[in-house]
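In what follows, a structure is listed as structure tokens, so that the remarks can point back to it.
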Amino acid sequence: MKLTLKIWRQKNAAAEGKIVEYPIDGIEPDMSFLEMLDILNDELIVKGEDTVAFDHDCREGICGMCSLYINGEAHGPDRLVTTCQLHMRKFKDGDTIFIEPFRAKAFPVIKDLVVDRGAFDRIQQSGGFVSVNTSGNTIDANTIPIPKHDADRAFDAATCIGCGACVASCKNSSAMLFVSAKVSQFALLPQGKVEAADRVLNMVAQMDAEGFGNCTNTGACEVECPKGISLENIARMNREYLSASLKG
């Protein structure tokens with residue numbers, strides 16, 4: 001395939017960025033999107049030009065670092081996949097592809113397509129720890145009765161990889177789907193009940209402090225989420241937050 005790539009280039013956080021056009025040829029449909037960017041960077045190296053900076057690690061849809069905004073969609077036109085799992089067969093010969101970093105005040109651009117998602121780390125850290133004994137004289141998890149429905153929902157929430165697609169897809173740059181997934185994975189289990197009230201209050205407060213917007217109720221976050229995290233988690237977090245606020 002022969003493609004035209006229009007890529008956001010930005011030298012650093014303080015610099016003014018712009019879209020730069022790059023023609024590329026010889027792209028196979030079975031290549032991943034990141035392989036295509038690797039080929040582009042190889043060509044730029046040969047020309048003596050600065051390569052396009054983009055974030056990635058596992059290339060298996062696990063870490064979420066590869067997050068890119070492709071043709072106006074977080075992670076591109078496919079569903080339930082991260083950018084590294086997106087294949088070029090989703091595009092056609094002659095296509096023009098716009099590639100940008102995730103846009104949010106709380107995700108400042110570091111360089112080109114790389115953004116700082118440290119805000120997510122700080123939100124998780126604000127949630128604190130689970131005080132249930134998990135070392136030394138541990139209790140076998142199977143001895144704690146947990147309804148299967150609750151366990152399944154907790155595991156579903158825990159599949160969130162913190163990529164930030166929910167934030168990038170929301171017109172308010174809301175992080176509520178991410179935060180609610182982290183709240184739910186503990187709130188649904190007995191091990192997480194001890195600090196449940198403090199956890200939700202602290203995490204929501206940190207989310208607001210980081211500059212994320214409020215939920216728009218449009219559901220774009222769930223649609224673009226590569227792990228299919230449900231909006232039900234936001235409703236659960238709101239209930240947890242209201243209950244904790246009344247107790248406080």
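Within each chain, counting starts at residue 1; across the structure tokens, chains are named A, B, ... in the order shown, with ligands numbered 1 upward in that order.
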Going by DSSP on the backbone, which residues of region 29-164 of chain A come out as strand (DSSP E)? List them as a PyMOL selection string. chain A and resi 69-70+73-74+96-100+109-111+114-115
Take the residues just selected and output them with all heavy atoms as a CSV table (one decimal), in the first residue's frame.
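Just written: again_11.csv:
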```
chain,number,residue,atom,x,y,z
A,69,TYR,N,-3.9,8.7,18.6
A,69,TYR,CA,-5.2,9.2,18.1
A,69,TYR,C,-5.1,9.1,16.6
A,69,TYR,O,-4.3,9.9,16.0
A,69,TYR,CB,-5.4,10.6,18.6
A,69,TYR,CG,-6.9,11.0,18.8
A,69,TYR,CD1,-7.7,10.3,19.7
A,69,TYR,CD2,-7.4,12.0,18.0
A,69,TYR,CE1,-9.0,10.7,19.8
A,69,TYR,CE2,-8.8,12.3,18.1
A,69,TYR,CZ,-9.6,11.7,19.0
A,69,TYR,OH,-10.9,12.0,19.2
A,70,ILE,N,-5.8,8.2,16.0
A,70,ILE,CA,-5.6,7.9,14.6
A,70,ILE,C,-6.9,8.2,13.8
A,70,ILE,O,-8.0,7.6,14.1
A,70,ILE,CB,-5.3,6.4,14.4
A,70,ILE,CG1,-4.0,6.1,15.2
A,70,ILE,CG2,-5.1,6.1,12.9
A,70,ILE,CD1,-3.7,4.6,15.4
A,73,GLU,N,-9.8,8.9,16.1
A,73,GLU,CA,-10.3,7.9,17.1
A,73,GLU,C,-9.1,7.4,17.9
A,73,GLU,O,-8.0,7.2,17.4
A,73,GLU,CB,-10.9,6.7,16.3
A,73,GLU,CG,-12.1,6.9,15.6
A,73,GLU,CD,-12.7,5.7,14.9
A,73,GLU,OE1,-13.5,5.0,15.6
A,73,GLU,OE2,-12.3,5.4,13.7
A,74,ALA,N,-9.4,7.2,19.2
A,74,ALA,CA,-8.3,6.7,20.1
A,74,ALA,C,-8.1,5.2,19.7
A,74,ALA,O,-9.0,4.4,19.6
A,74,ALA,CB,-8.8,6.7,21.5
A,96,THR,N,-5.1,8.6,3.4
A,96,THR,CA,-4.4,9.6,4.2
A,96,THR,C,-4.7,9.4,5.7
A,96,THR,O,-5.9,9.3,6.0
A,96,THR,CB,-4.8,11.1,3.8
A,96,THR,OG1,-4.4,11.3,2.5
A,96,THR,CG2,-4.1,12.1,4.8
A,97,ILE,N,-3.7,9.2,6.5
A,97,ILE,CA,-3.9,8.8,7.9
A,97,ILE,C,-3.4,10.0,8.8
A,97,ILE,O,-2.2,10.3,8.7
A,97,ILE,CB,-3.2,7.5,8.2
A,97,ILE,CG1,-3.7,6.4,7.3
A,97,ILE,CG2,-3.5,7.1,9.7
A,97,ILE,CD1,-2.9,5.1,7.5
A,98,PHE,N,-4.2,10.5,9.6
A,98,PHE,CA,-3.8,11.5,10.6
A,98,PHE,C,-3.4,10.8,11.9
A,98,PHE,O,-4.2,10.0,12.4
A,98,PHE,CB,-4.9,12.5,10.8
A,98,PHE,CG,-5.1,13.5,9.7
A,98,PHE,CD1,-5.9,13.2,8.6
A,98,PHE,CD2,-4.5,14.8,9.8
A,98,PHE,CE1,-6.0,14.1,7.6
A,98,PHE,CE2,-4.7,15.7,8.8
A,98,PHE,CZ,-5.4,15.4,7.7
A,99,ILE,N,-2.3,11.1,12.4
A,99,ILE,CA,-1.8,10.5,13.6
A,99,ILE,C,-1.4,11.6,14.6
A,99,ILE,O,-0.5,12.4,14.4
A,99,ILE,CB,-0.5,9.6,13.3
A,99,ILE,CG1,-0.8,8.6,12.2
A,99,ILE,CG2,-0.1,8.8,14.6
A,99,ILE,CD1,0.4,7.9,11.7
A,100,GLU,N,-2.0,11.6,15.8
A,100,GLU,CA,-1.8,12.6,16.8
A,100,GLU,C,-1.7,12.0,18.2
A,100,GLU,O,-2.1,10.8,18.4
A,100,GLU,CB,-3.0,13.6,16.8
A,100,GLU,CG,-3.3,14.3,15.5
A,100,GLU,CD,-4.5,15.1,15.6
A,100,GLU,OE1,-4.5,16.2,16.1
A,100,GLU,OE2,-5.6,14.6,15.1
A,109,VAL,N,2.0,16.9,26.2
A,109,VAL,CA,2.9,16.3,25.2
A,109,VAL,C,4.3,16.4,25.7
A,109,VAL,O,4.8,17.4,26.1
A,109,VAL,CB,2.7,16.9,23.9
A,109,VAL,CG1,3.7,16.4,22.9
A,109,VAL,CG2,1.3,16.7,23.3
A,110,ILE,N,5.1,15.3,25.6
A,110,ILE,CA,6.5,15.2,25.9
A,110,ILE,C,7.3,15.5,24.6
A,110,ILE,O,8.1,16.4,24.6
A,110,ILE,CB,6.9,13.9,26.5
A,110,ILE,CG1,6.2,13.7,27.9
A,110,ILE,CG2,8.4,13.8,26.7
A,110,ILE,CD1,6.4,12.3,28.5
A,111,LYS,N,7.0,14.7,23.6
A,111,LYS,CA,7.5,14.9,22.3
A,111,LYS,C,6.7,14.2,21.3
A,111,LYS,O,6.3,13.0,21.5
A,111,LYS,CB,9.0,14.4,22.2
A,111,LYS,CG,9.7,14.7,20.9
A,111,LYS,CD,11.1,14.2,20.9
A,111,LYS,CE,11.7,14.4,19.5
A,111,LYS,NZ,13.1,13.9,19.4
A,114,VAL,N,4.2,11.3,22.1
A,114,VAL,CA,4.4,10.8,23.4
A,114,VAL,C,3.8,11.8,24.4
A,114,VAL,O,4.1,13.0,24.4
A,114,VAL,CB,5.9,10.5,23.8
A,114,VAL,CG1,6.0,10.0,25.2
A,114,VAL,CG2,6.5,9.6,22.8
A,115,VAL,N,2.9,11.3,25.3
A,115,VAL,CA,2.3,12.2,26.3
A,115,VAL,C,2.7,11.7,27.7
A,115,VAL,O,3.0,10.5,27.9
A,115,VAL,CB,0.8,12.3,26.2
A,115,VAL,CG1,0.4,12.9,24.8
A,115,VAL,CG2,0.1,11.0,26.4
```
Using only C-alpha atoms, I'd like a table of the residues in region 59-151 of chain A that come within 9 Å of region 188-193 of chain A; for each, show the closest atom pair and its distance in Å rounded to one decimal, ordered by chain and ascending number, as JSON lines.
```
{"residue": "A:Phe129", "atom": "CA", "partner": "A:Gly192", "partner_atom": "CA", "distance": 9.0}
{"residue": "A:Val130", "atom": "CA", "partner": "A:Gly192", "partner_atom": "CA", "distance": 6.2}
{"residue": "A:Ser131", "atom": "CA", "partner": "A:Gln191", "partner_atom": "CA", "distance": 8.0}
{"residue": "A:Val132", "atom": "CA", "partner": "A:Gln191", "partner_atom": "CA", "distance": 6.0}
{"residue": "A:Ile144", "atom": "CA", "partner": "A:Pro190", "partner_atom": "CA", "distance": 8.1}
{"residue": "A:Pro145", "atom": "CA", "partner": "A:Pro190", "partner_atom": "CA", "distance": 8.9}
{"residue": "A:Ile146", "atom": "CA", "partner": "A:Leu189", "partner_atom": "CA", "distance": 7.2}
{"residue": "A:Asp150", "atom": "CA", "partner": "A:Leu188", "partner_atom": "CA", "distance": 5.9}
{"residue": "A:Ala151", "atom": "CA", "partner": "A:Leu189", "partner_atom": "CA", "distance": 7.1}
```
Exercise: Arg239 (chain A) partners within 12 Å, only C-alpha atoms, chain neighbours under 5 positions left out, as a ChimeraX atom specification: /A:180,183-184,187,196-197,200-201,232-234,244-246
List as a list in words the protein and nucleic acid residues near region 52-65 of chain A, meaning an atom at most 7 Å away when only C-alpha atoms are counted, but skip any in the same chain fewer than 3 places from it. Asn41, Val81, Thr82, Cys84, Gln85, Lys111, Asp112, Leu113, Val114, Ile161, Gly162 and Cys163 of chain A
Could you check how far CA of Asn202 (chain A) sits from CA of Gly127 (chain A), in Å to one decimal? 6.1 Å
Have a look at A:Thr159, A:Asn214, A:Gln185, A:Ser126 and name the one nearest to Lys227 (chain A); count only C-alpha atoms.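 Smallest distance to Lys227 (chain A) is found for A:Thr159.
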If we count only C-alpha atoms, what is near His87 (chain A) at a cut-off of 10 Å, once residues fewer than 4 positions away on the same chain are taken out, given as a PyMOL selection string? chain A and resi 28-36+76-78+81+83+91
For N, CA and C atoms, I'd like the residues from the last selection saved as a compact mmCIF listing (two decimals), in the first residue's frame.
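Saved result, again39.txt, follows:
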```txt
# COMPACT_ATOMS: atom_id res chain seq x y z
N GLU A 28 2.55 -3.50 3.93
CA GLU A 28 1.77 -4.73 3.79
C GLU A 28 0.54 -4.68 4.70
N PRO A 29 -0.59 -5.22 4.24
CA PRO A 29 -1.82 -5.19 5.05
C PRO A 29 -1.69 -5.89 6.40
N ASP A 30 -0.80 -6.90 6.49
CA ASP A 30 -0.67 -7.66 7.73
C ASP A 30 0.30 -7.03 8.72
N MET A 31 0.89 -5.91 8.35
CA MET A 31 1.75 -5.21 9.30
C MET A 31 0.91 -4.56 10.39
N SER A 32 1.49 -4.45 11.57
CA SER A 32 0.81 -3.69 12.62
C SER A 32 1.05 -2.20 12.38
N PHE A 33 0.26 -1.38 13.02
CA PHE A 33 0.38 0.06 12.86
C PHE A 33 1.76 0.53 13.33
N LEU A 34 2.25 -0.04 14.42
CA LEU A 34 3.56 0.36 14.93
C LEU A 34 4.69 -0.10 14.03
N GLU A 35 4.53 -1.26 13.37
CA GLU A 35 5.52 -1.69 12.39
C GLU A 35 5.61 -0.68 11.25
N MET A 36 4.47 -0.16 10.83
CA MET A 36 4.45 0.84 9.78
C MET A 36 5.23 2.09 10.21
N GLY A 76 -7.44 4.14 16.88
CA GLY A 76 -7.75 3.90 15.48
C GLY A 76 -9.11 3.29 15.23
N PRO A 77 -9.36 2.83 13.98
CA PRO A 77 -10.70 2.43 13.55
C PRO A 77 -11.17 1.06 14.03
N ASP A 78 -10.31 0.25 14.60
CA ASP A 78 -10.73 -1.07 15.07
C ASP A 78 -11.34 -0.93 16.47
N VAL A 81 -9.14 -3.10 20.67
CA VAL A 81 -7.70 -3.32 20.46
C VAL A 81 -6.95 -2.04 20.81
N THR A 83 -3.41 0.35 19.96
CA THR A 83 -2.78 0.74 18.70
C THR A 83 -1.82 -0.33 18.21
N PHE A 91 -6.89 -0.13 6.71
CA PHE A 91 -6.77 1.03 5.84
C PHE A 91 -6.68 0.58 4.38
```
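Residues surrounding region 38-40 of chain A within 9 Å are Tyr22, Pro23, Ile24, Ile27, Phe33, Ile45, Thr51 and Val52 of chain A [only C-alpha atoms; sequence separation below 5 positions excluded].
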Residue selection dump (N, CA and C atoms) as an mmCIF file, in the first residue's frame:
```
data_model
loop_
_atom_site.group_PDB
_atom_site.id
_atom_site.type_symbol
_atom_site.label_atom_id
_atom_site.label_comp_id
_atom_site.auth_asym_id
_atom_site.auth_seq_id
_atom_site.Cartn_x
_atom_site.Cartn_y
_atom_site.Cartn_z
ATOM 1 N N TYR A 22 4.100 12.893 5.527
ATOM 2 C CA TYR A 22 5.108 11.931 5.113
ATOM 3 C C TYR A 22 4.480 10.910 4.165
ATOM 4 N N PRO A 23 4.968 10.792 2.938
ATOM 5 C CA PRO A 23 4.509 9.712 2.063
ATOM 6 C C PRO A 23 5.240 8.420 2.430
ATOM 7 N N ILE A 24 4.564 7.302 2.337
ATOM 8 C CA ILE A 24 5.194 6.015 2.633
ATOM 9 C C ILE A 24 4.633 4.971 1.681
ATOM 10 N N ILE A 27 3.763 -0.764 2.192
ATOM 11 C CA ILE A 27 3.188 -1.216 3.465
ATOM 12 C C ILE A 27 2.281 -2.414 3.227
ATOM 13 N N PHE A 33 0.256 -1.383 13.025
ATOM 14 C CA PHE A 33 0.383 0.063 12.856
ATOM 15 C C PHE A 33 1.756 0.534 13.326
ATOM 16 N N ILE A 45 15.738 7.942 9.310
ATOM 17 C CA ILE A 45 17.133 7.789 9.741
ATOM 18 C C ILE A 45 18.076 7.826 8.539
ATOM 19 N N THR A 51 13.581 11.190 13.906
ATOM 20 C CA THR A 51 12.526 10.178 13.862
ATOM 21 C C THR A 51 11.303 10.625 14.647
ATOM 22 N N VAL A 52 10.179 9.993 14.355
ATOM 23 C CA VAL A 52 8.931 10.292 15.055
ATOM 24 C C VAL A 52 8.927 9.554 16.387
#
```
Give me, as a ChimeraX atom specification, all polymer residues having an atom no more than 8 Å from Glu21 (chain A), counting only C-alpha atoms and skipping those fewer than 6 positions away in the same chain. /A:4-7
Using DSSP on the backbone coordinates, identify all residues within region 3-242 of chain A classified as helix (DSSP H, G or I); present the result as number ranges by chain. A: 33-47, 83-85, 88-90, 118-126, 141-143, 148-158, 165-169, 176-187, 190-192, 196-209, 220-224, 232-242
For a test of reading the model, state the distance in Å between CA of Val223 (chain A) and CA of Met237 (chain A), rounded to one decimal.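 So the answer is 19.0 Å.
Across A:Glu16, A:Asp198, A:Asp95, A:Glu210, the tightest approach to Arg122 (chain A) is made by A:Glu210 when counting only C-alpha atoms.
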